[in-house]
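Text of the file run_14.txt, holding compact mmCIF, C-alpha atoms and all ligand atoms:
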# COMPACT_ATOMS: atom_id res chain seq x y z
CA MET A 25 16.49 -2.50 6.86
CA GLN A 26 16.55 -4.30 10.19
CA LYS A 27 13.60 -6.61 10.77
CA LYS A 28 11.24 -5.61 13.55
CA ILE A 29 9.90 -8.28 15.86
CA LEU A 30 6.94 -7.94 18.22
CA VAL A 31 7.68 -9.78 21.47
CA THR A 32 4.63 -10.27 23.68
CA GLY A 33 5.57 -10.95 27.29
CA GLY A 34 9.01 -9.56 26.50
CA SER A 35 9.79 -8.27 29.97
CA GLY A 36 9.23 -11.72 31.53
CA TYR A 37 11.84 -14.36 32.25
CA ILE A 38 12.23 -16.07 28.87
CA GLY A 39 10.96 -13.10 26.85
CA SER A 40 13.58 -10.71 28.27
CA HIS A 41 16.48 -13.07 27.57
CA THR A 42 15.15 -13.58 24.04
CA THR A 43 14.67 -9.83 23.53
CA LEU A 44 18.32 -9.34 24.48
CA ALA A 45 19.40 -12.04 22.02
CA LEU A 46 17.30 -10.42 19.26
CA LEU A 47 18.79 -6.97 19.86
CA GLU A 48 22.28 -8.45 19.93
CA ALA A 49 21.56 -10.17 16.61
CA GLY A 50 20.57 -6.84 15.04
CA PHE A 51 16.77 -7.05 15.12
CA ASP A 52 14.56 -4.18 16.22
CA VAL A 53 12.17 -5.18 18.97
CA VAL A 54 8.82 -3.95 20.24
CA VAL A 55 7.85 -5.45 23.59
CA LEU A 56 4.19 -5.67 24.60
CA ASP A 57 3.71 -6.65 28.23
CA ASN A 58 1.10 -5.84 30.87
CA LEU A 59 3.69 -6.35 33.63
CA CYS A 60 1.36 -8.70 35.54
CA ASN A 61 4.30 -10.99 36.28
CA SER A 62 7.39 -8.96 35.47
CA SER A 63 9.20 -5.71 36.00
CA ILE A 64 10.17 -3.12 33.45
CA GLU A 65 13.57 -3.15 35.16
CA SER A 66 14.39 -6.24 33.05
CA LEU A 67 14.40 -3.96 29.98
CA ASN A 68 16.82 -1.52 31.67
CA ARG A 69 19.12 -4.45 32.37
CA ILE A 70 18.97 -5.40 28.69
CA GLU A 71 20.14 -1.90 27.79
CA ASN A 72 22.99 -2.13 30.30
CA ILE A 73 24.19 -5.33 28.64
CA CYS A 74 23.87 -4.52 24.95
CA GLY A 75 23.47 -0.74 24.79
CA LYS A 76 20.07 -1.05 23.11
CA LYS A 77 16.58 -1.07 24.49
CA PRO A 78 13.42 -2.40 22.89
CA ASP A 79 10.43 -0.12 22.37
CA PHE A 80 8.07 -0.87 25.22
CA ILE A 81 4.28 -0.80 25.15
CA GLU A 82 2.56 -1.48 28.45
CA GLY A 83 -0.64 -3.25 27.50
CA ASP A 84 -2.58 -6.47 27.38
CA VAL A 85 -2.33 -8.96 24.53
CA ARG A 86 -6.13 -9.30 24.74
CA ASP A 87 -6.58 -5.61 23.88
CA GLU A 88 -7.36 -5.37 20.15
CA GLN A 89 -6.85 -1.61 19.95
CA THR A 90 -3.40 -1.79 21.47
CA LEU A 91 -2.42 -4.53 19.04
CA ASP A 92 -3.82 -2.70 16.00
CA LYS A 93 -1.92 0.42 17.00
CA ILE A 94 1.34 -1.49 17.35
CA PHE A 95 0.94 -3.06 13.91
CA ALA A 96 -0.14 0.25 12.36
CA THR A 97 2.83 2.18 13.69
CA ASN A 98 5.53 -0.46 13.25
CA GLU A 99 6.46 -2.61 10.30
CA ILE A 100 6.38 -5.90 12.19
CA ASP A 101 7.98 -8.88 10.41
CA SER A 102 7.16 -11.63 12.92
CA VAL A 103 5.76 -12.14 16.39
CA LEU A 104 7.25 -14.06 19.31
CA HIS A 105 4.35 -14.78 21.65
CA PHE A 106 5.46 -15.34 25.25
CA ALA A 107 2.67 -13.46 27.03
CA GLY A 108 0.69 -15.76 29.27
CA LEU A 109 0.33 -17.11 32.76
CA LYS A 110 2.32 -20.16 33.81
CA ALA A 111 1.70 -21.17 37.42
CA VAL A 112 0.23 -24.66 37.38
CA GLY A 113 -1.28 -24.54 40.90
CA GLU A 114 -2.79 -21.10 40.36
CA SER A 115 -4.39 -22.31 37.13
CA VAL A 116 -6.35 -24.93 39.08
CA ASN A 117 -7.87 -22.21 41.30
CA ASN A 118 -8.36 -19.61 38.55
CA PRO A 119 -9.08 -21.51 35.33
CA LEU A 120 -10.96 -18.64 33.69
CA THR A 121 -8.03 -16.28 34.17
CA TYR A 122 -5.73 -18.85 32.60
CA TYR A 123 -7.96 -19.56 29.60
CA SER A 124 -8.49 -15.86 29.12
CA ASN A 125 -4.80 -14.90 29.14
CA ASN A 126 -3.44 -17.96 27.37
CA VAL A 127 -6.19 -18.89 24.93
CA VAL A 128 -8.12 -15.65 24.35
CA GLY A 129 -4.79 -13.79 24.37
CA SER A 130 -3.44 -16.01 21.57
CA LEU A 131 -6.69 -15.71 19.58
CA THR A 132 -6.80 -11.94 19.87
CA LEU A 133 -3.18 -11.72 18.79
CA CYS A 134 -3.76 -13.94 15.73
CA LYS A 135 -6.79 -11.90 14.68
CA ALA A 136 -4.77 -8.70 14.88
CA MET A 137 -1.95 -10.34 12.91
CA VAL A 138 -4.40 -11.23 10.12
CA ARG A 139 -5.66 -7.63 10.04
CA ALA A 140 -2.07 -6.46 9.78
CA ASN A 141 -1.02 -9.09 7.22
CA VAL A 142 1.63 -10.55 9.50
CA PHE A 143 1.72 -14.34 9.37
CA LYS A 144 4.93 -15.44 11.09
CA LEU A 145 4.46 -16.51 14.68
CA VAL A 146 6.61 -18.29 17.25
CA PHE A 147 4.52 -19.65 20.11
CA SER A 148 5.76 -20.54 23.61
CA SER A 149 4.44 -24.01 24.23
CA SER A 150 5.48 -26.56 26.77
CA ALA A 151 6.50 -30.18 27.16
CA THR A 152 3.42 -30.40 29.35
CA VAL A 153 1.35 -30.95 26.17
CA TYR A 154 2.83 -34.48 25.92
CA GLY A 155 1.09 -35.43 29.19
CA ASP A 156 2.79 -38.53 30.63
CA PRO A 157 4.79 -39.83 27.66
CA ILE A 158 5.07 -43.59 27.26
CA GLU A 159 8.78 -43.58 26.50
CA MET A 160 11.84 -41.35 26.65
CA PRO A 161 13.19 -39.31 24.99
CA VAL A 162 10.10 -37.40 23.91
CA ARG A 163 9.85 -36.79 20.17
CA GLU A 164 7.71 -34.15 18.46
CA ASP A 165 5.67 -36.84 16.69
CA PHE A 166 4.52 -38.35 19.99
CA PRO A 167 0.80 -37.88 20.55
CA THR A 168 -0.19 -35.04 22.81
CA GLY A 169 -1.48 -36.28 26.14
CA THR A 170 -4.13 -35.26 28.58
CA PRO A 171 -2.92 -32.27 30.57
CA THR A 172 -3.66 -32.57 34.28
CA ASN A 173 -4.38 -28.88 34.88
CA PRO A 174 -5.90 -25.80 33.18
CA TYR A 175 -2.45 -24.31 32.45
CA GLY A 176 -1.42 -27.36 30.41
CA ARG A 177 -4.81 -27.50 28.75
CA SER A 178 -4.58 -23.82 27.79
CA LYS A 179 -1.27 -24.51 26.00
CA LEU A 180 -2.70 -27.51 24.19
CA ILE A 181 -5.84 -25.62 23.15
CA ALA A 182 -3.73 -22.72 21.86
CA GLU A 183 -1.56 -25.17 19.89
CA GLU A 184 -4.65 -26.77 18.33
CA ILE A 185 -6.12 -23.39 17.40
CA LEU A 186 -2.85 -22.48 15.70
CA GLN A 187 -2.86 -25.81 13.82
CA ASP A 188 -6.40 -25.14 12.55
CA LEU A 189 -5.47 -21.61 11.58
CA ALA A 190 -2.47 -22.71 9.52
CA LYS A 191 -4.59 -25.34 7.77
CA SER A 192 -7.14 -22.69 6.84
CA ASP A 193 -4.69 -20.23 5.31
CA SER A 194 -1.35 -21.14 3.75
CA ARG A 195 0.14 -17.74 4.45
CA TRP A 196 0.73 -18.71 8.06
CA SER A 197 4.12 -19.92 9.22
CA ILE A 198 4.01 -20.96 12.84
CA ALA A 199 6.59 -22.47 15.17
CA LEU A 200 5.31 -24.31 18.22
CA LEU A 201 8.28 -24.42 20.56
CA ARG A 202 7.81 -26.97 23.29
CA TYR A 203 10.11 -25.94 26.12
CA PHE A 204 11.31 -28.48 28.61
CA ASN A 205 12.41 -26.97 31.95
CA PRO A 206 13.89 -23.48 31.51
CA VAL A 207 16.37 -22.50 34.23
CA GLY A 208 19.46 -20.33 34.63
CA ALA A 209 20.09 -16.65 34.11
CA HIS A 210 22.15 -14.32 31.95
CA GLU A 211 25.84 -14.89 32.61
CA SER A 212 26.29 -11.25 33.66
CA GLY A 213 24.25 -11.92 36.80
CA THR A 214 22.03 -8.93 36.01
CA MET A 215 19.04 -10.72 34.43
CA GLY A 216 17.23 -13.80 35.62
CA GLU A 217 14.01 -15.31 36.89
CA ASP A 218 12.14 -13.18 39.40
CA PRO A 219 9.23 -15.25 40.67
CA ASN A 220 6.39 -13.63 42.56
CA GLY A 221 5.95 -15.06 46.06
CA ILE A 222 7.15 -18.52 46.96
CA PRO A 223 8.47 -20.27 43.85
CA SER A 224 6.76 -23.46 42.75
CA ASN A 225 9.53 -24.53 40.38
CA LEU A 226 12.53 -26.49 41.62
CA VAL A 227 15.51 -24.30 40.71
CA PRO A 228 14.15 -20.94 41.94
CA TYR A 229 13.14 -22.72 45.15
CA ILE A 230 16.61 -24.25 45.69
CA SER A 231 18.15 -20.89 44.93
CA GLN A 232 16.06 -19.14 47.59
CA VAL A 233 16.98 -21.84 50.10
CA ALA A 234 20.64 -21.24 49.27
CA ILE A 235 20.27 -17.49 49.95
CA GLU A 236 18.38 -18.35 53.17
CA GLN A 237 15.10 -16.75 52.17
CA LEU A 238 13.48 -20.16 52.50
CA SER A 239 14.51 -22.68 55.11
CA LYS A 240 14.31 -26.01 53.35
CA LEU A 241 13.36 -27.64 50.08
CA SER A 242 10.60 -30.25 49.93
CA VAL A 243 11.52 -33.04 47.54
CA TYR A 244 8.25 -34.25 46.08
CA GLY A 245 8.53 -38.02 46.25
CA ARG A 246 11.41 -40.48 46.34
CA ASP A 247 9.47 -43.49 45.13
CA TYR A 248 9.36 -42.82 41.38
CA PRO A 249 10.67 -45.49 38.99
CA THR A 250 13.82 -43.44 38.35
CA PRO A 251 17.47 -44.22 39.29
CA ASP A 252 17.29 -42.40 42.67
CA GLY A 253 13.51 -42.35 43.06
CA THR A 254 13.11 -38.59 42.47
CA GLY A 255 11.60 -36.90 39.41
CA VAL A 256 13.78 -36.49 36.33
CA ARG A 257 13.52 -33.47 34.00
CA ASP A 258 15.34 -31.91 31.06
CA TYR A 259 16.60 -28.56 32.38
CA ILE A 260 17.61 -26.08 29.71
CA HIS A 261 19.55 -22.84 30.12
CA VAL A 262 17.39 -19.80 29.36
CA GLN A 263 20.09 -18.38 27.07
CA ASP A 264 20.09 -21.57 25.01
CA LEU A 265 16.32 -21.24 24.86
CA ALA A 266 16.66 -17.63 23.69
CA GLU A 267 19.04 -18.72 20.93
CA GLY A 268 16.56 -21.45 19.95
CA HIS A 269 13.97 -18.73 19.30
CA LEU A 270 16.31 -16.92 16.93
CA SER A 271 16.88 -20.17 15.03
CA ALA A 272 13.13 -20.81 14.87
CA LEU A 273 12.55 -17.28 13.62
CA ASN A 274 15.01 -17.89 10.78
CA ALA A 275 13.45 -21.24 9.99
CA ILE A 276 9.88 -19.96 9.66
CA ASP A 277 11.08 -17.47 7.09
CA GLU A 278 11.55 -20.43 4.76
CA LYS A 279 8.67 -22.69 5.82
CA THR A 280 4.91 -22.48 5.90
CA GLY A 281 2.36 -24.27 8.05
CA VAL A 282 3.01 -25.42 11.58
CA ASN A 283 6.38 -26.71 12.67
CA ILE A 284 6.89 -28.20 16.10
CA TRP A 285 10.26 -28.24 17.80
CA ASN A 286 11.28 -29.48 21.24
CA LEU A 287 13.67 -27.13 22.99
CA GLY A 288 15.52 -29.28 25.48
CA THR A 289 19.02 -30.67 25.99
CA GLY A 290 18.18 -34.36 25.65
CA VAL A 291 19.56 -35.06 29.13
CA GLY A 292 17.50 -35.65 32.26
CA TYR A 293 18.58 -34.90 35.83
CA SER A 294 16.89 -35.99 39.05
CA VAL A 295 15.89 -33.66 41.87
CA LEU A 296 18.73 -34.99 44.02
CA GLU A 297 21.24 -34.41 41.21
CA MET A 298 19.95 -30.86 40.89
CA ILE A 299 20.41 -30.22 44.61
CA GLN A 300 23.95 -31.57 44.46
CA ALA A 301 24.84 -29.49 41.40
CA PHE A 302 23.50 -26.34 43.06
CA GLU A 303 25.51 -27.09 46.22
CA VAL A 304 28.65 -27.22 44.09
CA ALA A 305 27.77 -23.90 42.42
CA CYS A 306 27.01 -22.02 45.63
CA GLY A 307 29.39 -23.73 48.05
CA ARG A 308 26.60 -24.16 50.60
CA SER A 309 24.50 -27.11 51.58
CA ILE A 310 20.81 -27.17 50.65
CA PRO A 311 18.67 -28.58 53.46
CA TYR A 312 15.82 -30.73 52.18
CA GLN A 313 13.16 -33.17 53.32
CA VAL A 314 11.42 -35.82 51.26
CA VAL A 315 7.64 -35.41 51.24
CA ASP A 316 4.77 -36.98 49.31
CA ARG A 317 4.58 -36.75 45.53
CA ARG A 318 3.03 -33.56 44.13
CA THR A 319 -0.31 -34.20 42.43
CA GLY A 320 -0.03 -34.14 38.65
CA ASP A 321 3.77 -34.68 38.52
CA ILE A 322 5.19 -37.33 36.22
CA ALA A 323 8.24 -39.49 36.90
CA GLU A 324 10.44 -38.38 34.06
CA CYS A 325 10.50 -36.22 30.98
CA TRP A 326 13.32 -35.37 28.64
CA ALA A 327 13.47 -34.27 25.06
CA ALA A 328 14.64 -35.82 21.85
CA PRO A 329 16.50 -32.72 20.59
CA LYS A 330 17.35 -34.20 17.15
CA LYS A 331 14.62 -32.53 15.10
CA ALA A 332 15.61 -29.07 16.35
CA ALA A 333 19.27 -29.87 15.69
CA GLU A 334 18.59 -31.05 12.14
CA GLU A 335 16.00 -28.49 11.10
CA LEU A 336 17.06 -25.44 13.08
CA GLY A 337 20.78 -26.11 13.36
CA TRP A 338 20.32 -25.43 17.06
CA THR A 339 21.46 -27.40 20.08
CA ALA A 340 21.74 -26.38 23.71
CA LYS A 341 25.36 -25.51 24.49
CA ARG A 342 25.32 -24.82 28.23
CA ASP A 343 25.59 -27.63 30.76
CA LEU A 344 24.18 -28.15 34.23
CA SER A 345 27.09 -26.44 35.97
CA ASP A 346 26.55 -23.33 33.79
CA MET A 347 22.83 -23.36 34.63
CA MET A 348 23.52 -23.54 38.35
CA ALA A 349 26.45 -21.08 38.42
CA ASP A 350 24.43 -18.51 36.45
CA THR A 351 21.34 -18.96 38.62
CA TRP A 352 23.43 -18.49 41.75
CA ARG A 353 25.24 -15.41 40.40
CA TRP A 354 21.87 -13.79 39.63
CA GLN A 355 20.36 -14.78 43.01
CA LYS A 356 23.39 -13.60 45.02
CA ARG A 357 23.57 -10.22 43.29
CA ASN A 358 19.81 -9.67 43.25
CA PRO A 359 18.50 -11.32 46.43
CA THR A 360 15.10 -9.71 45.90
CA GLY A 361 15.13 -9.98 42.12
CA TYR A 362 14.45 -6.82 40.12
CA LYS A 363 12.99 -5.21 43.24
CA SER A 364 16.46 -4.65 44.75
P1 LIG A 401 6.92 -14.94 32.75
O1 LIG A 401 5.71 -14.88 33.61
O2 LIG A 401 8.22 -14.51 33.32
O3 LIG A 401 6.66 -14.11 31.41
C1 LIG A 401 5.39 -13.96 30.84
C2 LIG A 401 5.20 -12.47 30.58
O4 LIG A 401 3.93 -12.26 29.98
C3 LIG A 401 5.25 -11.63 31.85
O5 LIG A 401 6.13 -10.54 31.65
C4 LIG A 401 3.81 -11.17 32.04
O6 LIG A 401 3.76 -9.89 32.66
C5 LIG A 401 3.31 -11.14 30.60
N1 LIG A 401 1.86 -11.34 30.44
C6 LIG A 401 1.08 -12.29 30.98
N2 LIG A 401 -0.18 -12.17 30.56
C7 LIG A 401 -0.20 -11.11 29.71
C8 LIG A 401 -1.20 -10.48 28.95
N3 LIG A 401 -2.47 -10.91 28.99
N4 LIG A 401 -0.87 -9.43 28.19
C9 LIG A 401 0.41 -8.96 28.15
N5 LIG A 401 1.40 -9.51 28.85
C10 LIG A 401 1.10 -10.57 29.63
O7 LIG A 401 7.03 -16.44 32.19
P2 LIG A 401 8.16 -17.14 31.33
O8 LIG A 401 8.75 -18.23 32.15
O9 LIG A 401 9.05 -16.14 30.72
O10 LIG A 401 7.26 -17.85 30.24
C11 LIG A 401 7.06 -17.30 28.95
C12 LIG A 401 6.14 -18.21 28.16
O11 LIG A 401 6.71 -19.52 28.09
C13 LIG A 401 4.75 -18.39 28.79
O12 LIG A 401 3.79 -18.43 27.76
C14 LIG A 401 4.86 -19.74 29.47
O13 LIG A 401 3.62 -20.38 29.59
C15 LIG A 401 5.79 -20.50 28.53
N6 LIG A 401 6.51 -21.59 29.18
C16 LIG A 401 7.25 -21.34 30.30
C17 LIG A 401 7.89 -22.40 30.96
C18 LIG A 401 8.68 -22.17 32.21
O14 LIG A 401 8.89 -23.13 32.96
N7 LIG A 401 9.14 -20.96 32.51
C19 LIG A 401 7.82 -23.71 30.43
C20 LIG A 401 7.09 -23.91 29.26
C21 LIG A 401 6.44 -22.85 28.64
N1 LIG A 402 10.20 -30.42 42.70
C1 LIG A 402 10.47 -30.68 44.01
N2 LIG A 402 10.31 -29.69 44.93
C2 LIG A 402 9.90 -28.44 44.58
C3 LIG A 402 9.62 -28.18 43.23
C4 LIG A 402 9.77 -29.18 42.31
O1 LIG A 402 10.84 -31.81 44.37
O2 LIG A 402 9.77 -27.58 45.48
C5 LIG A 402 10.39 -31.47 41.68
C6 LIG A 402 9.14 -31.86 40.93
O3 LIG A 402 8.44 -32.87 41.62
C7 LIG A 402 9.72 -32.31 39.59
C8 LIG A 402 10.97 -31.42 39.40
O4 LIG A 402 11.28 -30.97 40.71
O5 LIG A 402 10.15 -33.64 39.66
C9 LIG A 402 10.72 -30.21 38.50
O6 LIG A 402 9.59 -29.50 38.97
P1 LIG A 402 9.25 -28.03 38.43
O7 LIG A 402 8.06 -27.55 39.19
O8 LIG A 402 10.45 -27.17 38.46
O9 LIG A 402 8.90 -28.26 36.91
P2 LIG A 402 7.81 -29.21 36.22
O10 LIG A 402 8.55 -30.23 35.42
O11 LIG A 402 6.81 -29.69 37.18
O12 LIG A 402 7.06 -28.17 35.25
C10 LIG A 402 7.77 -27.20 34.46
C11 LIG A 402 6.90 -25.95 34.34
C12 LIG A 402 5.66 -26.24 33.56
C13 LIG A 402 6.02 -26.84 32.24
C14 LIG A 402 6.89 -28.06 32.42
C15 LIG A 402 7.37 -28.59 31.10
O13 LIG A 402 6.54 -25.47 35.62
O14 LIG A 402 4.99 -25.03 33.31
O15 LIG A 402 8.04 -27.71 33.20
O16 LIG A 402 7.91 -27.57 30.35
F1 LIG A 402 4.89 -27.20 31.61

Please express the file's structure as structure tokens.
Amino acid sequence: MQKKILVTGGSGYIGSHTTLALLEAGFDVVVLDNLCNSSIESLNRIENICGKKPDFIEGDVRDEQTLDKIFATNEIDSVLHFAGLKAVGESVNNPLTYYSNNVVGSLTLCKAMVRANVFKLVFSSSATVYGDPIEMPVREDFPTGTPTNPYGRSKLIAEEILQDLAKSDSRWSIALLRYFNPVGAHESGTMGEDPNGIPSNLVPYISQVAIEQLSKLSVYGRDYPTPDGTGVRDYIHVQDLAEGHLSALNAIDEKTGVNIWNLGTGVGYSVLEMIQAFEVACGRSIPYQVVDRRTGDIAECWAAPKKAAEELGWTAKRDLSDMMADTWRWQKRNPTGYKS
């Protein structure tokens, strides 16, 4: 029998690409999403690509009854937990909303999993939990830092709760996947990131400048201690990330307790390198101005991807030109995202 996976937040950016990868790999999928930051159209696009569609439940991960019903009516093997809010700036203004969705949401899900006797969980964490690491590349055994905003803190708190939970009951097998900077889109150009309002992340912003929906990029600081003075990050293609989840799912079948894996490429690129790479992909120039640093940003952050390679047999395969070409294909064909 095919294994059935519950994917919370499965119509969102990373969740939808992972749902597609799961269906393509032969899993059955139930998506639970309240659509607060996504469109159900992403699930139609999945069907167009692979001929299969996940079961979809519109609901909130904080709703116990909805969760109990899903577990009662489906034989769920494992849960991939993407549902949550992710806008750093918004989290500063609405901390309670962030703690509720990201922390209470994770707690409610775990409680329902216990009731249903399901103990395999893959959690979407973030490199933000490392704070401002003292050296590069960032390894999983580095201490977690002090997040500078409620979003980061909500991820760290959720991680710590999951650690305590696994210590209390050996039936749990939990993967904490610390993503670096997810970018890119499905190579078909039919699925991608569809941010609400003005994007706060670099690549969606550049992409909207390229399509002339925004006039110019602000580069946040050129006085960092990096080769060209701009911030350096480890950008990872969303399809590589999706494949990383499948590898983690396999791995937690064999392991118990908490396992932490970085999902990154191991290579850092500066903001100026990103602009240049996008210009090559789209054949247009990206107007930009250098402005002050953004509060809370760090100079550089890239992953040590060795542990994931050794333990999951997973490494990112797609390079920067793939990330940019795929982002541009998606943006060009869907100038208003899933709303078009
Ligand atoms: P996204 O906003 O596209 O997807 C999240 C999905 O969860 C959305 O479809 C949203 O509607 C849904 N959702 C939110 N709160 C919910 C709730 N209470 N109940 C049910 N559904 C809910 O974001 P994404 O980029 O796909 O991120 C997925 C996960 O990965 C998030 O947990 C995010 O914090 C984490 N993450 C993302 C990044 C990134 O840069 N994109 C980096 C590190 C970690
Ligand atoms: N940047 C700009 N201009 C912009 C946006 C970003 O110069 O308009 C710069 C930033 O200063 C930084 C780099 O581009 O140097 C990347 O910034 P992003 O906002 O795209 O990403 P961050 O590294 O700040 O944060 C992202 C997610 C977080 C997550 C973190 C680590 O937004 O949720 O990666 O995974 F925690």

So that I can check the surroundings of Trp196 in chain A, please list as a ChimeraX atom specification every protein, DNA and RNA residue that reaches within 6 Å of it, counting all atoms listed in the file and ignoring chain neighbours fewer than 5 positions away. /A:143,190,281

List the spatial neighbours of range 94-101 of chain A as a list in words - criterion: any atom at most 7 Å away, only C-alpha atoms, same-chain residues fewer than 6 positions off excluded.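 Returned residues: Lys27, Lys28, Ile29, Leu30, Ala140 and Val142 of chain A.
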
The selected residues should be written to file as an mmCIF file, in the frame of the given file (atoms: C-alpha atoms).
data_model
loop_
_atom_site.group_PDB
_atom_site.id
_atom_site.type_symbol
_atom_site.label_atom_id
_atom_site.label_comp_id
_atom_site.auth_asym_id
_atom_site.auth_seq_id
_atom_site.Cartn_x
_atom_site.Cartn_y
_atom_site.Cartn_z
ATOM 1 C CA LYS A 27 13.600 -6.610 10.770
ATOM 2 C CA LYS A 28 11.240 -5.610 13.550
ATOM 3 C CA ILE A 29 9.900 -8.280 15.860
ATOM 4 C CA LEU A 30 6.940 -7.940 18.220
ATOM 5 C CA ALA A 140 -2.070 -6.460 9.780
ATOM 6 C CA VAL A 142 1.630 -10.550 9.500
#

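For the set A:His269, A:Lys93, A:Lys77, A:Arg257, the residue with the smallest atom-to-atom gap to Val295 in chain A is A:Arg257, counting all atoms listed in the file.
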
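Closest approach to ligand LIG 402 (chain A) among A:Val227, A:Val282, A:Val162, A:Leu67: A:Val227, based on only C-alpha atoms and all ligand atoms.
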
Leaving out range 109-124 of chain A and any residue of its chain fewer than 3 positions from it, which residues lie within 7 Å of it when counting all atoms listed in the file, given as a CSV table (one decimal) with C-alpha atoms, in the coordinates of the input?
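Written file, result_19.csv:
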chain,number,residue,atom,x,y,z
A,127,VAL,CA,-6.2,-18.9,24.9
A,128,VAL,CA,-8.1,-15.6,24.4
A,129,GLY,CA,-4.8,-13.8,24.4
A,173,ASN,CA,-4.4,-28.9,34.9
A,174,PRO,CA,-5.9,-25.8,33.2
A,175,TYR,CA,-2.4,-24.3,32.4
A,178,SER,CA,-4.6,-23.8,27.8

CA of Lys144 in chain A to CA of Ala199 in chain A: how many Å, to one decimal?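 For CA of Lys144 in chain A relative to CA of Ala199 in chain A, the distance reads 8.3 Å.
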